[in-house]
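Visitor: My questions all concern the structure below.
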Amino acid sequence: MDNKYCRFIKEDDEKIPKPLLFFPTCSFTEVRTKIPKRIVAFEFYAVAKGCQRVFDEQDGITDIGKQVIPDPSKVSYMNLFINGVLQPHENYTVEPGKLTLNTIDTPIQGTPIILQMFIV
């Protein structure tokens, strides 16, 4: 009985047509409609001196060159990191040449301050 069942399945398999698979063809040409804009990135690096809320361009680390804080109205995007932690925009105010912290507490002495600014 097992042999008849196996033969029956085998005969049915032969009658079922095998499916044809069609794969879509991809075009290998790339078309750009817009040229990407050039982005200029500025970084301001400083080290907190203790009870300091205001950081001027003079407070920047001079080992890596002159530190600049551009006009925030010309900056497209900015991030502030205090001790490597991204800060919300409510915690600081940026003016040309000056960074002010709006928090109650101040960073302890030796804490790294990094302000990233991107201009498109």
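Following the order of the structure tokens, first chain is A, next is B, and so on, with residues numbered from 1 inside each chain and ligands from 1 in the order they appear.
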If you run DSSP on this backbone, which residues of chain A come out as strand (DSSP E), and could you give them as a PyMOL selection string?
Guide: chain A and resi 40-47+54-56+77-82+85-86+92-95+98-101+112-119
Visitor: Could you pull the residues within 8 Å of Leu99 in chain A, counting only C-alpha atoms, minus those fewer than 2 positions along the same chain, as a list in words?
Guide: Val54, Phe55, Asp56, Ile69, Tyr92, Thr93, Val94, Glu95, Gly97 and Leu101 of chain A
Visitor: Set the distance at 12 Å and use only C-alpha atoms: which residues neighbour Lys66 in chain A once local chain neighbours fewer than 6 positions away are removed? I'd like the list as a PDB file with N, CA and C atoms, in the first residue's frame.
Guide:
```pdb
ATOM      1  N   PHE A  42      31.942  73.480  12.179  1.00  0.00           N
ATOM      2  CA  PHE A  42      32.770  74.171  13.148  1.00  0.00           C
ATOM      3  C   PHE A  42      32.641  73.442  14.476  1.00  0.00           C
ATOM      4  N   GLU A  43      33.730  73.373  15.210  1.00  0.00           N
ATOM      5  CA  GLU A  43      33.700  72.816  16.562  1.00  0.00           C
ATOM      6  C   GLU A  43      34.359  73.792  17.509  1.00  0.00           C
ATOM      7  N   PHE A  44      33.778  73.943  18.672  1.00  0.00           N
ATOM      8  CA  PHE A  44      34.358  74.750  19.735  1.00  0.00           C
ATOM      9  C   PHE A  44      34.631  73.818  20.894  1.00  0.00           C
ATOM     10  N   TYR A  45      35.903  73.677  21.253  1.00  0.00           N
ATOM     11  CA  TYR A  45      36.318  72.812  22.359  1.00  0.00           C
ATOM     12  C   TYR A  45      36.789  73.682  23.510  1.00  0.00           C
ATOM     13  N   ALA A  46      36.294  73.396  24.706  1.00  0.00           N
ATOM     14  CA  ALA A  46      36.720  74.119  25.902  1.00  0.00           C
ATOM     15  C   ALA A  46      36.738  73.152  27.077  1.00  0.00           C
ATOM     16  N   ASP A  56      33.690  82.060  26.233  1.00  0.00           N
ATOM     17  CA  ASP A  56      34.012  82.906  25.091  1.00  0.00           C
ATOM     18  C   ASP A  56      34.980  82.172  24.179  1.00  0.00           C
ATOM     19  N   GLU A  57      35.224  82.763  23.009  1.00  0.00           N
ATOM     20  CA  GLU A  57      36.178  82.157  22.089  1.00  0.00           C
ATOM     21  C   GLU A  57      37.574  82.066  22.713  1.00  0.00           C
ATOM     22  N   GLN A  58      37.890  82.957  23.650  1.00  0.00           N
ATOM     23  CA  GLN A  58      39.191  82.924  24.325  1.00  0.00           C
ATOM     24  C   GLN A  58      39.318  81.719  25.261  1.00  0.00           C
ATOM     25  N   ASP A  59      38.189  81.149  25.682  1.00  0.00           N
ATOM     26  CA  ASP A  59      38.206  79.979  26.568  1.00  0.00           C
ATOM     27  C   ASP A  59      38.448  78.682  25.807  1.00  0.00           C
ATOM     28  N   GLY A  60      38.436  78.735  24.491  1.00  0.00           N
ATOM     29  CA  GLY A  60      38.629  77.540  23.677  1.00  0.00           C
ATOM     30  C   GLY A  60      40.046  76.995  23.802  1.00  0.00           C
ATOM     31  N   GLY A  97      30.419  84.342  19.133  1.00  0.00           N
ATOM     32  CA  GLY A  97      31.600  84.387  19.995  1.00  0.00           C
ATOM     33  C   GLY A  97      31.363  83.999  21.433  1.00  0.00           C
TER      34      GLY A  97
END
```
Visitor: Where in chain A does DSSP assign alpha helix (DSSP H), given as a VMD selection string?
Guide: chain A and resid 2 to 15
Visitor: One decimal, in Å: what's the spacing between CA of Gly50 in chain A and CA of Phe118 in chain A?
Guide: 28.1 Å
Visitor: Given only C-alpha atoms as the basis, pick out the residue of A:Val120, A:Val40, A:Asn102, A:Pro96 nearest to Pro70 in chain A.
Guide: A:Pro96
Visitor: Which is closer to Met78 in chain A than all the others in A:Cys51, A:Ile61, A:Met117, A:Ala41, using only C-alpha atoms?
Guide: A:Met117
